[in-house]
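Chemist: So that we are looking at the same thing, I have put the structure below in structure tokens.
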Amino acid sequence: REQIEMMMVKYTYLQKFDKHVDYFEDHEINVLDRGGQRYATFFIYLNTLHEGDGGETEFTQLGIRSKPRRGDGLFWHNQNPKTGKMMPMTEHQGN
């Protein structure tokens, strides 16, 4: 069974999104039964934020940051396409 999950996040001033992964852990099996695993993530920035405004997406284990620019997108696999294992290095946060 295949499914697409859509979500929109709008930050208010000084709001952040704590570090997390987008896939479901084994202990969340009830979630998997309802909708399946999140194999990949794709999102699009709807706003451009300027220096000092925050809003960056930071991949905490990879040392990568993405600054929001309207129309730019990020895509990554949460599951390794070759091994099928979930990838904890995709942990990220919104600053």
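Chain lettering (A, B, ...) mirrors the order of the structure tokens, residue numbering begins at 1 for each chain separately, and ligand numbering begins at 1 in order of display.
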If we count only C-alpha atoms, what is near Asp53 in chain A at a cut-off of 10 Å, once residues fewer than 3 positions away on the same chain are taken out, given as an mmCIF file with N, CA and C atoms, in the first residue's frame?
Modeler:
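Here's the written file out-v2.cif:
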data_model
loop_
_atom_site.group_PDB
_atom_site.id
_atom_site.type_symbol
_atom_site.label_atom_id
_atom_site.label_comp_id
_atom_site.auth_asym_id
_atom_site.auth_seq_id
_atom_site.Cartn_x
_atom_site.Cartn_y
_atom_site.Cartn_z
ATOM 1 N N TYR A 13 7.272 33.604 15.698
ATOM 2 C CA TYR A 13 8.511 34.219 16.154
ATOM 3 C C TYR A 13 9.125 33.397 17.285
ATOM 4 N N LEU A 14 10.384 33.052 17.147
ATOM 5 C CA LEU A 14 11.192 32.290 18.104
ATOM 6 C C LEU A 14 10.758 30.832 18.266
ATOM 7 N N THR A 48 11.067 33.244 1.921
ATOM 8 C CA THR A 48 12.495 33.512 2.030
ATOM 9 C C THR A 48 12.731 34.223 3.355
ATOM 10 N N LEU A 49 13.658 33.707 4.134
ATOM 11 C CA LEU A 49 14.006 34.350 5.392
ATOM 12 C C LEU A 49 15.404 34.937 5.260
ATOM 13 N N HIS A 50 15.598 36.065 5.882
ATOM 14 C CA HIS A 50 16.853 36.787 5.753
ATOM 15 C C HIS A 50 17.795 36.462 6.900
ATOM 16 N N GLU A 56 16.170 27.936 9.620
ATOM 17 C CA GLU A 56 16.979 26.967 8.899
ATOM 18 C C GLU A 56 16.606 25.540 9.288
ATOM 19 N N LYS A 67 19.088 27.157 4.435
ATOM 20 C CA LYS A 67 18.415 28.425 4.714
ATOM 21 C C LYS A 67 17.190 28.548 3.805
ATOM 22 N N PRO A 68 16.046 28.889 4.357
ATOM 23 C CA PRO A 68 14.827 28.982 3.557
ATOM 24 C C PRO A 68 14.886 30.070 2.477
ATOM 25 N N ASN A 95 15.454 25.508 13.160
ATOM 26 C CA ASN A 95 15.975 26.532 14.064
ATOM 27 C C ASN A 95 15.336 27.877 13.799
#
Chemist: So that I can check the surroundings of His92 in chain A, please list as a list in words every protein, DNA and RNA residue that reaches within 12 Å of it, counting only C-alpha atoms and ignoring chain neighbours fewer than 3 positions away.
Modeler: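 Skipping anything fewer than 3 positions along the chain leaves Lys16, Phe17, Asp18, Lys19, His20, Val21, Asp22, Tyr23, Thr41, Glu56, Thr57, Glu58, Phe59, Thr60, Gln61, Leu62, Gly63, Ile64, Arg65, Ser66, Leu74, Trp76, Asn78, Met87, Pro88, Met89 and Asn95 of chain A.
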Chemist: The selected residues should be written to file as a PDB file, in the first residue's frame (atoms: N, CA and C atoms).
Modeler:
ATOM      1  N   LYS A  16      10.610  26.852  17.245  1.00  0.00           N
ATOM      2  CA  LYS A  16      11.543  25.934  16.613  1.00  0.00           C
ATOM      3  C   LYS A  16      10.926  24.540  16.599  1.00  0.00           C
ATOM      4  N   PHE A  17      11.566  23.635  15.888  1.00  0.00           N
ATOM      5  CA  PHE A  17      11.134  22.254  15.818  1.00  0.00           C
ATOM      6  C   PHE A  17      12.306  21.416  16.304  1.00  0.00           C
ATOM      7  N   ASP A  18      12.145  20.753  17.443  1.00  0.00           N
ATOM      8  CA  ASP A  18      13.243  19.994  18.041  1.00  0.00           C
ATOM      9  C   ASP A  18      13.731  18.880  17.112  1.00  0.00           C
ATOM     10  N   LYS A  19      14.955  18.409  17.366  1.00  0.00           N
ATOM     11  CA  LYS A  19      15.528  17.395  16.488  1.00  0.00           C
ATOM     12  C   LYS A  19      14.702  16.113  16.521  1.00  0.00           C
ATOM     13  N   HIS A  20      14.610  15.511  15.335  1.00  0.00           N
ATOM     14  CA  HIS A  20      13.779  14.324  15.146  1.00  0.00           C
ATOM     15  C   HIS A  20      14.153  13.664  13.819  1.00  0.00           C
ATOM     16  N   VAL A  21      13.660  12.465  13.618  1.00  0.00           N
ATOM     17  CA  VAL A  21      13.720  11.813  12.309  1.00  0.00           C
ATOM     18  C   VAL A  21      12.292  11.731  11.786  1.00  0.00           C
ATOM     19  N   ASP A  22      12.138  11.587  10.482  1.00  0.00           N
ATOM     20  CA  ASP A  22      10.798  11.555   9.896  1.00  0.00           C
ATOM     21  C   ASP A  22      10.226  10.152   9.754  1.00  0.00           C
ATOM     22  N   TYR A  23      11.036   9.135  10.002  1.00  0.00           N
ATOM     23  CA  TYR A  23      10.522   7.771   9.909  1.00  0.00           C
ATOM     24  C   TYR A  23       9.995   7.321  11.271  1.00  0.00           C
ATOM     25  N   THR A  41      11.370  12.020   2.431  1.00  0.00           N
ATOM     26  CA  THR A  41      10.784  13.310   2.798  1.00  0.00           C
ATOM     27  C   THR A  41      11.116  14.323   1.711  1.00  0.00           C
ATOM     28  N   GLU A  56      16.170  27.936   9.620  1.00  0.00           N
ATOM     29  CA  GLU A  56      16.979  26.967   8.899  1.00  0.00           C
ATOM     30  C   GLU A  56      16.606  25.540   9.288  1.00  0.00           C
ATOM     31  N   THR A  57      16.764  24.635   8.337  1.00  0.00           N
ATOM     32  CA  THR A  57      16.671  23.203   8.615  1.00  0.00           C
ATOM     33  C   THR A  57      18.096  22.709   8.788  1.00  0.00           C
ATOM     34  N   GLU A  58      18.374  22.119   9.939  1.00  0.00           N
ATOM     35  CA  GLU A  58      19.721  21.650  10.240  1.00  0.00           C
ATOM     36  C   GLU A  58      19.713  20.134  10.401  1.00  0.00           C
ATOM     37  N   PHE A  59      20.556  19.460   9.632  1.00  0.00           N
ATOM     38  CA  PHE A  59      20.765  18.023   9.786  1.00  0.00           C
ATOM     39  C   PHE A  59      21.866  17.858  10.822  1.00  0.00           C
ATOM     40  N   THR A  60      21.457  17.511  12.044  1.00  0.00           N
ATOM     41  CA  THR A  60      22.325  17.588  13.217  1.00  0.00           C
ATOM     42  C   THR A  60      23.504  16.632  13.162  1.00  0.00           C
ATOM     43  N   GLN A  61      23.364  15.479  12.549  1.00  0.00           N
ATOM     44  CA  GLN A  61      24.455  14.518  12.496  1.00  0.00           C
ATOM     45  C   GLN A  61      25.333  14.687  11.267  1.00  0.00           C
ATOM     46  N   LEU A  62      24.875  15.461  10.307  1.00  0.00           N
ATOM     47  CA  LEU A  62      25.630  15.643   9.062  1.00  0.00           C
ATOM     48  C   LEU A  62      26.314  17.001   8.974  1.00  0.00           C
ATOM     49  N   GLY A  63      25.958  17.923   9.869  1.00  0.00           N
ATOM     50  CA  GLY A  63      26.546  19.256   9.823  1.00  0.00           C
ATOM     51  C   GLY A  63      26.095  20.069   8.620  1.00  0.00           C
ATOM     52  N   ILE A  64      24.871  19.827   8.162  1.00  0.00           N
ATOM     53  CA  ILE A  64      24.326  20.525   6.990  1.00  0.00           C
ATOM     54  C   ILE A  64      23.171  21.410   7.440  1.00  0.00           C
ATOM     55  N   ARG A  65      23.141  22.647   6.935  1.00  0.00           N
ATOM     56  CA  ARG A  65      22.043  23.588   7.213  1.00  0.00           C
ATOM     57  C   ARG A  65      21.492  24.102   5.895  1.00  0.00           C
ATOM     58  N   SER A  66      20.190  24.256   5.843  1.00  0.00           N
ATOM     59  CA  SER A  66      19.534  24.802   4.665  1.00  0.00           C
ATOM     60  C   SER A  66      18.759  26.047   5.068  1.00  0.00           C
ATOM     61  N   LEU A  74      13.837  20.535  -0.315  1.00  0.00           N
ATOM     62  CA  LEU A  74      14.758  19.530   0.205  1.00  0.00           C
ATOM     63  C   LEU A  74      14.123  18.161   0.024  1.00  0.00           C
ATOM     64  N   TRP A  76      15.107  13.910   0.870  1.00  0.00           N
ATOM     65  CA  TRP A  76      16.040  12.907   1.351  1.00  0.00           C
ATOM     66  C   TRP A  76      15.300  11.602   1.606  1.00  0.00           C
ATOM     67  N   ASN A  78      14.623   8.535   3.999  1.00  0.00           N
ATOM     68  CA  ASN A  78      14.670   8.161   5.406  1.00  0.00           C
ATOM     69  C   ASN A  78      15.101   6.709   5.557  1.00  0.00           C
ATOM     70  N   MET A  87      17.610   5.404   8.354  1.00  0.00           N
ATOM     71  CA  MET A  87      18.880   6.131   8.435  1.00  0.00           C
ATOM     72  C   MET A  87      18.824   7.216   9.508  1.00  0.00           C
ATOM     73  N   PRO A  88      19.394   6.920  10.701  1.00  0.00           N
ATOM     74  CA  PRO A  88      19.360   7.897  11.792  1.00  0.00           C
ATOM     75  C   PRO A  88      20.124   9.181  11.474  1.00  0.00           C
ATOM     76  N   MET A  89      21.007   9.140  10.478  1.00  0.00           N
ATOM     77  CA  MET A  89      21.738  10.371  10.148  1.00  0.00           C
ATOM     78  C   MET A  89      20.843  11.423   9.495  1.00  0.00           C
ATOM     79  N   ASN A  95      15.454  25.508  13.160  1.00  0.00           N
ATOM     80  CA  ASN A  95      15.975  26.532  14.064  1.00  0.00           C
ATOM     81  C   ASN A  95      15.336  27.877  13.799  1.00  0.00           C
TER      82      ASN A  95
END
Chemist: Could you give me the residues within chain A that DSSP places in alpha helix (DSSP H), as a VMD selection string?
Modeler: chain A and resid 29 to 35
Chemist: So, with only C-alpha atoms as the atoms that count, which of A:Glu28, A:Ala40, A:Ile4, A:Gln15 lies closest to Asn80 in chain A?
Modeler: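 Of A:Glu28, A:Ala40, A:Ile4, A:Gln15, the one nearest Asn80 in chain A is A:Ala40, counting only C-alpha atoms.
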Chemist: Distance CA of Thr12 in chain A-CA of Gly73 in chain A, one decimal place?
Modeler: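 Separation of CA of Thr12 in chain A and CA of Gly73 in chain A: 20.5 Å.
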